[in-house]
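Coordinates as given in protein34.tsv (TSV, C-alpha atoms):
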chain	number	residue	atom	x	y	z
A	1	MET	CA	38.87	31.72	-4.02
A	2	ALA	CA	39.06	34.74	-6.34
A	3	ASN	CA	41.25	34.54	-9.41
A	4	GLU	CA	43.71	37.30	-10.36
A	5	THR	CA	41.25	38.98	-12.73
A	6	SER	CA	38.38	39.18	-10.25
A	7	SER	CA	40.51	40.20	-7.26
A	8	ARG	CA	41.71	43.50	-8.73
A	9	LEU	CA	39.73	46.66	-9.34
A	10	THR	CA	38.77	46.79	-13.01
A	11	HIS	CA	38.35	50.56	-13.28
A	12	LEU	CA	41.99	51.36	-12.54
A	13	ALA	CA	44.65	51.85	-15.22
A	14	GLU	CA	48.18	50.50	-14.71
A	15	ASP	CA	49.23	53.86	-13.21
A	16	GLY	CA	46.35	53.78	-10.71
A	17	SER	CA	44.18	56.39	-12.46
A	18	ALA	CA	40.50	55.86	-13.11
A	19	ALA	CA	39.73	54.25	-16.48
A	20	MET	CA	36.70	52.97	-18.35
A	21	VAL	CA	36.99	49.22	-18.96
A	22	ASP	CA	37.46	48.22	-22.62
A	23	VAL	CA	34.71	45.71	-23.37
A	24	GLY	CA	35.25	45.71	-27.14
A	25	ASP	CA	36.62	42.19	-27.32
A	26	LYS	CA	34.04	40.62	-25.02
A	27	ALA	CA	31.29	38.40	-26.39
A	28	ASN	CA	27.69	39.54	-26.53
A	29	THR	CA	25.66	37.53	-24.03
A	30	VAL	CA	22.28	37.93	-22.36
A	31	ARG	CA	22.94	39.73	-19.09
A	32	ILE	CA	20.46	40.17	-16.27
A	33	ALA	CA	20.85	41.80	-12.88
A	34	GLU	CA	18.39	42.13	-10.02
A	35	ALA	CA	18.62	44.57	-7.13
A	36	GLU	CA	16.51	45.51	-4.14
A	37	GLY	CA	15.98	48.22	-1.57
A	38	HIS	CA	13.34	49.40	0.86
A	39	VAL	CA	11.83	52.49	2.42
A	40	ARG	CA	10.86	52.19	6.07
A	41	MET	CA	8.12	54.58	7.21
A	42	LYS	CA	5.41	55.13	9.79
A	43	PRO	CA	2.47	52.74	9.46
A	44	GLU	CA	0.20	55.76	8.88
A	45	THR	CA	2.35	56.87	5.94
A	46	LEU	CA	2.22	53.41	4.38
A	47	LYS	CA	-1.57	53.43	4.75
A	48	LEU	CA	-1.84	56.83	3.05
A	49	ILE	CA	0.27	55.58	0.14
A	50	LEU	CA	-1.65	52.32	-0.24
A	51	ASP	CA	-5.01	54.09	-0.01
A	52	GLY	CA	-3.94	56.57	-2.71
A	53	ASN	CA	-4.30	59.55	-0.37
A	54	MET	CA	-0.93	61.25	-0.85
A	55	LYS	CA	-1.18	64.84	-2.10
A	56	LYS	CA	1.51	64.30	-4.75
A	57	GLY	CA	-0.41	61.38	-6.29
A	58	ASP	CA	0.28	57.72	-7.03
A	59	VAL	CA	3.53	57.15	-5.11
A	60	ILE	CA	4.07	53.56	-6.26
A	61	GLY	CA	3.30	54.30	-9.91
A	62	VAL	CA	5.54	57.37	-10.05
A	63	ALA	CA	8.38	55.56	-8.23
A	64	ARG	CA	8.15	52.67	-10.70
A	65	ILE	CA	8.48	55.03	-13.70
A	66	ALA	CA	11.29	56.97	-11.96
A	67	GLY	CA	13.23	53.74	-11.42
A	68	ILE	CA	12.87	52.73	-15.07
A	69	MET	CA	13.94	56.17	-16.24
A	70	ALA	CA	16.93	56.14	-13.88
A	71	ALA	CA	18.19	52.78	-15.17
A	72	LYS	CA	18.24	54.25	-18.67
A	73	GLN	CA	20.35	57.20	-17.45
A	74	THR	CA	22.95	55.29	-15.45
A	75	ALA	CA	25.89	56.08	-17.76
A	76	ASN	CA	25.09	59.80	-17.46
A	77	LEU	CA	25.40	59.67	-13.67
A	78	ILE	CA	28.09	57.07	-12.92
A	79	PRO	CA	31.27	58.29	-14.63
A	80	LEU	CA	32.83	54.98	-15.73
A	81	CYS	CA	29.65	53.13	-16.76
A	82	HIS	CA	29.13	52.26	-20.40
A	83	PRO	CA	25.98	53.56	-22.11
A	84	LEU	CA	23.84	50.47	-22.63
A	85	ALA	CA	20.95	49.51	-24.88
A	86	LEU	CA	18.71	47.97	-22.23
A	87	THR	CA	16.08	45.55	-23.50
A	88	LYS	CA	14.12	45.37	-20.25
A	89	VAL	CA	13.85	47.21	-16.96
A	90	SER	CA	11.24	46.30	-14.37
A	91	VAL	CA	10.55	47.84	-10.98
A	92	ASP	CA	8.25	46.03	-8.56
A	93	ILE	CA	7.17	47.81	-5.39
A	94	THR	CA	5.33	45.91	-2.68
A	95	PRO	CA	4.10	46.84	0.78
A	96	ASP	CA	5.68	45.17	3.78
A	97	ASP	CA	3.84	45.68	7.07
A	98	ALA	CA	6.82	44.18	8.94
A	99	LEU	CA	9.08	47.12	7.98
A	100	PRO	CA	6.63	48.94	7.87
A	101	GLY	CA	7.16	50.35	4.40
A	102	LEU	CA	7.70	49.50	0.77
A	103	ARG	CA	10.10	46.98	-0.74
A	104	VAL	CA	11.55	47.69	-4.18
A	105	ARG	CA	12.87	44.97	-6.47
A	106	THR	CA	14.34	45.75	-9.88
A	107	LEU	CA	15.57	43.89	-12.93
A	108	ALA	CA	17.71	45.14	-15.80
A	109	LYS	CA	18.40	43.08	-18.94
A	110	LEU	CA	20.25	43.34	-22.24
A	111	THR	CA	22.24	41.39	-24.76
A	112	GLY	CA	25.67	42.94	-24.74
A	113	LYS	CA	29.30	43.03	-23.68
A	114	THR	CA	28.97	44.31	-20.11
A	115	GLY	CA	26.78	43.68	-17.09
A	116	VAL	CA	23.74	45.61	-15.91
A	117	GLU	CA	24.24	45.59	-12.13
A	118	MET	CA	24.63	49.36	-11.98
A	119	GLU	CA	21.41	49.88	-13.94
A	120	ALA	CA	19.48	47.60	-11.57
A	121	LEU	CA	20.99	49.40	-8.56
A	122	MET	CA	20.21	52.82	-10.05
A	123	ALA	CA	16.59	51.78	-10.63
A	124	ALA	CA	16.23	50.59	-7.02
A	125	SER	CA	17.92	53.68	-5.59
A	126	VAL	CA	15.89	56.22	-7.54
A	127	ALA	CA	12.62	54.37	-6.94
A	128	CYS	CA	13.35	54.54	-3.19
A	129	LEU	CA	14.33	58.21	-3.42
A	130	THR	CA	11.10	58.96	-5.27
A	131	ILE	CA	9.05	57.25	-2.57
A	132	TYR	CA	10.83	59.43	0.00
A	133	ASP	CA	10.28	62.58	-2.05
A	134	MET	CA	6.58	61.95	-2.47
A	135	GLY	CA	6.04	61.03	1.20
A	136	LYS	CA	8.33	63.47	3.00
A	137	ALA	CA	5.56	66.01	3.58
A	138	VAL	CA	3.93	63.59	6.03
A	139	ASP	CA	6.96	61.56	7.20
A	140	ARG	CA	10.41	63.17	7.13
A	141	GLY	CA	11.82	60.29	9.19
A	142	MET	CA	11.51	57.69	6.44
A	143	GLU	CA	14.61	55.53	6.06
A	144	ILE	CA	16.00	54.21	2.78
A	145	GLY	CA	18.07	51.05	3.07
A	146	GLY	CA	19.03	47.60	1.92
A	147	ILE	CA	20.05	48.65	-1.59
A	148	ARG	CA	22.09	45.82	-3.08
A	149	VAL	CA	22.46	43.48	-6.02
A	150	ILE	CA	20.70	40.21	-5.30
A	151	ALA	CA	21.43	38.28	-8.52
A	152	LYS	CA	23.23	38.55	-11.84
A	153	SER	CA	23.74	36.30	-14.83
A	154	GLY	CA	25.59	36.37	-18.13
A	155	GLY	CA	29.08	37.15	-19.23
A	156	LYS	CA	32.33	35.41	-18.44
A	157	SER	CA	31.74	35.37	-14.68
A	158	GLY	CA	28.40	33.58	-15.11
A	159	THR	CA	25.64	33.47	-12.53
A	160	TRP	CA	25.77	34.88	-9.01
A	161	ASP	CA	22.92	34.84	-6.50
A	162	LEU	CA	22.93	36.40	-3.03
A	163	LYS	CA	20.80	33.59	-1.59
A	164	THR	CA	23.34	30.99	-2.73
A	165	GLU	CA	26.25	33.03	-1.37
A	166	GLU	CA	24.54	33.54	2.01
A	167	ALA	CA	23.92	29.79	2.27
A	168	GLU	CA	27.62	28.95	1.81
Go ahead and express the file in the form of structure tokens.
Amino acid sequence: MANETSSRLTHLAEDGSAAMVDVGDKANTVRIAEAEGHVRMKPETLKLILDGNMKKGDVIGVARIAGIMAAKQTANLIPLCHPLALTKVSVDITPDDALPGLRVRTLAKLTGKTGVEMEALMAASVACLTIYDMGKAVDRGMEIGGIRVIAKSGGKSGTWDLKTEEAE
């Protein structure tokens, strides 16, 4: 059951207006968040990407860098996010013939006063968008989906894992 603090929206002031959360009094802790997403595409498109035959270049490499760069810019794009000094961002992109397509998994980490879920989500989203951008010339019907936080740790609320929640 949710407590009073976790059951209300934190980015609302008493009068209902949008507000940035004051994290000044919170303790610095190691905070980690993981997110995922995927890009579904034609099998032929996946083969072109994996064989390195896309005209725009190394799709997976460019998408990985784009995701890392995006995580670092989250506060510039999401109005109420705090600018954070990230200590690690990773973006792993793997083929999945069952989709068919590419699966993206990201991790954002820092030692600080607020979580990094938005940074992990931003990395996953932009990596997927980059895959679409680089492949759209051969497959405009690609589908981006499944973007979500899959785990987080640190801070007052502790650890949360999607697998554990789904099992309950």
Considering all atoms listed in the file, can you say which of A:Ala75, A:Met54, A:Ala108, A:Ala66 comes closest to A:Ala137?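 Of all the options, A:Met54 lies closest to A:Ala137.
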What does the distance between atom CA of A:Lys88 and atom CA of A:Gly57 come to in Å, to one decimal place?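 Atom-to-atom, atom CA of A:Lys88 to atom CA of A:Gly57, that is 25.7 Å.
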Looking at A:Ser125, A:Thr94, A:Thr106, A:Thr164, which one is nearest to A:Leu50, with distances taken over only C-alpha atoms?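 Among A:Ser125, A:Thr94, A:Thr106, A:Thr164, it is A:Thr94 that comes nearest to A:Leu50.
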Excluding same-chain residues fewer than 2 positions from A:Leu102, what lies within 9 Å of it counting only C-alpha atoms, as a ChimeraX atom specification? /A:37-41,46,60,93-97,99-100,104,128,131
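From atom CA of A:Glu14 back to atom CA of A:Ser153, the distance works out to 28.3 Å.
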Determine, counting all atoms listed in the file, which protein, DNA and RNA residues have an atom within 12 Å of an atom of A:Asp58; residues of the same chain fewer than 4 positions away are not included. Present the result as number ranges by chain. A: 48-54, 62-65, 130-131, 134-135
Could you check how far atom CA of A:Leu121 sits from atom CA of A:Val149, in Å to one decimal? 6.6 Å
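Distance annotation: of A:Lys26, A:Lys72, A:Arg31, A:Lys42, the residue with the minimal separation from A:Gly158 is A:Arg31; atom set is only C-alpha atoms.
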Residues within 12 Å of stretch 83-87 of chain A, all atoms listed in the file, excluding chain neighbours under 2 positions, as a PyMOL selection string: chain A and resi 20+23+30-33+68-81+89-90+107-120
Kindly compute an axis-aligned box around the listed atoms of stretch 137-144 of chain A, allowing 5 Å on each side, and express its centre and edge lengths in Å to one decimal as JSON.
{"center_x": 10.0, "center_y": 60.1, "center_z": 6.0, "size_x": 22.1, "size_y": 21.8, "size_z": 16.4}
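Nearest to A:Asp161 of all the residues A:Ala98, A:Val59, A:Ala35, A:Ala123 is A:Ala35, counting all atoms listed in the file.
Using all atoms listed in the file, the smallest distance between any of A:Ser157, A:Val21, A:Val126, A:Gly145 and A:Arg103 comes from A:Gly145.
Take the candidates A:Lys55, A:Gly67, A:Gly61, A:Leu162 and check each one against A:Lys136 using all atoms listed in the file; the shortest distance goes to A:Lys55.
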Add whatever atoms are absent from stretch 109-120 of chain A to reach all heavy atoms, and provide the output as an mmCIF file, keeping the file's coordinate frame.
data_model
loop_
_atom_site.group_PDB
_atom_site.id
_atom_site.type_symbol
_atom_site.label_atom_id
_atom_site.label_comp_id
_atom_site.auth_asym_id
_atom_site.auth_seq_id
_atom_site.Cartn_x
_atom_site.Cartn_y
_atom_site.Cartn_z
ATOM 1 N N LYS A 109 18.016 44.149 -18.013
ATOM 2 C CA LYS A 109 18.400 43.080 -18.940
ATOM 3 C C LYS A 109 18.866 43.687 -20.257
ATOM 4 O O LYS A 109 18.355 44.716 -20.692
ATOM 5 C CB LYS A 109 17.208 42.165 -19.182
ATOM 6 C CG LYS A 109 17.464 41.025 -20.147
ATOM 7 C CD LYS A 109 16.217 40.191 -20.335
ATOM 8 C CE LYS A 109 16.467 39.089 -21.354
ATOM 9 N NZ LYS A 109 15.246 38.317 -21.607
ATOM 10 N N LEU A 110 19.818 43.000 -20.889
ATOM 11 C CA LEU A 110 20.250 43.340 -22.240
ATOM 12 C C LEU A 110 21.003 42.173 -22.835
ATOM 13 O O LEU A 110 21.313 41.207 -22.151
ATOM 14 C CB LEU A 110 21.124 44.604 -22.257
ATOM 15 C CG LEU A 110 22.454 44.644 -21.498
ATOM 16 C CD1 LEU A 110 23.514 43.678 -21.978
ATOM 17 C CD2 LEU A 110 23.011 46.044 -21.584
ATOM 18 N N THR A 111 21.277 42.271 -24.123
ATOM 19 C CA THR A 111 22.240 41.390 -24.760
ATOM 20 C C THR A 111 23.403 42.291 -25.131
ATOM 21 O O THR A 111 23.247 43.224 -25.906
ATOM 22 C CB THR A 111 21.653 40.714 -26.023
ATOM 23 O OG1 THR A 111 20.531 39.930 -25.627
ATOM 24 C CG2 THR A 111 22.679 39.829 -26.703
ATOM 25 N N GLY A 112 24.550 42.038 -24.510
ATOM 26 C CA GLY A 112 25.670 42.940 -24.740
ATOM 27 C C GLY A 112 26.964 42.434 -24.149
ATOM 28 O O GLY A 112 27.082 41.279 -23.745
ATOM 29 N N LYS A 113 27.936 43.351 -24.062
ATOM 30 C CA LYS A 113 29.300 43.030 -23.680
ATOM 31 C C LYS A 113 29.623 43.343 -22.226
ATOM 32 O O LYS A 113 30.718 43.063 -21.763
ATOM 33 C CB LYS A 113 30.276 43.797 -24.575
ATOM 34 C CG LYS A 113 30.177 43.414 -26.041
ATOM 35 C CD LYS A 113 31.045 44.311 -26.894
ATOM 36 C CE LYS A 113 30.941 43.982 -28.341
ATOM 37 N NZ LYS A 113 31.655 42.776 -28.731
ATOM 38 N N THR A 114 28.704 43.951 -21.500
ATOM 39 C CA THR A 114 28.970 44.310 -20.110
ATOM 40 C C THR A 114 27.705 44.140 -19.279
ATOM 41 O O THR A 114 26.594 44.160 -19.816
ATOM 42 C CB THR A 114 29.545 45.742 -19.998
ATOM 43 O OG1 THR A 114 29.992 45.968 -18.664
ATOM 44 C CG2 THR A 114 28.545 46.791 -20.395
ATOM 45 N N GLY A 115 27.884 43.964 -17.985
ATOM 46 C CA GLY A 115 26.780 43.680 -17.090
ATOM 47 C C GLY A 115 25.878 44.879 -16.813
ATOM 48 O O GLY A 115 26.203 46.018 -17.155
ATOM 49 N N VAL A 116 24.765 44.596 -16.166
ATOM 50 C CA VAL A 116 23.740 45.610 -15.910
ATOM 51 C C VAL A 116 23.454 45.786 -14.415
ATOM 52 O O VAL A 116 22.394 46.278 -14.034
ATOM 53 C CB VAL A 116 22.439 45.296 -16.683
ATOM 54 C CG1 VAL A 116 22.623 45.508 -18.163
ATOM 55 C CG2 VAL A 116 21.956 43.881 -16.404
ATOM 56 N N GLU A 117 24.437 45.430 -13.568
ATOM 57 C CA GLU A 117 24.240 45.590 -12.130
ATOM 58 C C GLU A 117 23.998 47.041 -11.745
ATOM 59 O O GLU A 117 23.143 47.341 -10.909
ATOM 60 C CB GLU A 117 25.445 45.051 -11.345
ATOM 61 C CG GLU A 117 25.664 43.557 -11.469
ATOM 62 C CD GLU A 117 26.604 43.165 -12.598
ATOM 63 O OE1 GLU A 117 26.849 43.988 -13.507
ATOM 64 O OE2 GLU A 117 27.081 42.026 -12.576
ATOM 65 N N MET A 118 24.765 47.941 -12.334
ATOM 66 C CA MET A 118 24.630 49.360 -11.980
ATOM 67 C C MET A 118 23.260 49.900 -12.380
ATOM 68 O O MET A 118 22.666 50.712 -11.663
ATOM 69 C CB MET A 118 25.741 50.202 -12.626
ATOM 70 C CG MET A 118 27.125 49.873 -12.082
ATOM 71 S SD MET A 118 27.262 49.966 -10.284
ATOM 72 C CE MET A 118 26.902 51.682 -10.005
ATOM 73 N N GLU A 119 22.727 49.429 -13.495
ATOM 74 C CA GLU A 119 21.410 49.880 -13.940
ATOM 75 C C GLU A 119 20.321 49.376 -12.992
ATOM 76 O O GLU A 119 19.386 50.122 -12.658
ATOM 77 C CB GLU A 119 21.156 49.410 -15.377
ATOM 78 C CG GLU A 119 21.969 50.170 -16.412
ATOM 79 C CD GLU A 119 23.472 49.891 -16.412
ATOM 80 O OE1 GLU A 119 23.919 48.888 -15.806
ATOM 81 O OE2 GLU A 119 24.210 50.671 -17.032
ATOM 82 N N ALA A 120 20.448 48.127 -12.530
ATOM 83 C CA ALA A 120 19.480 47.600 -11.570
ATOM 84 C C ALA A 120 19.572 48.349 -10.242
ATOM 85 O O ALA A 120 18.549 48.677 -9.627
ATOM 86 C CB ALA A 120 19.715 46.094 -11.358
#
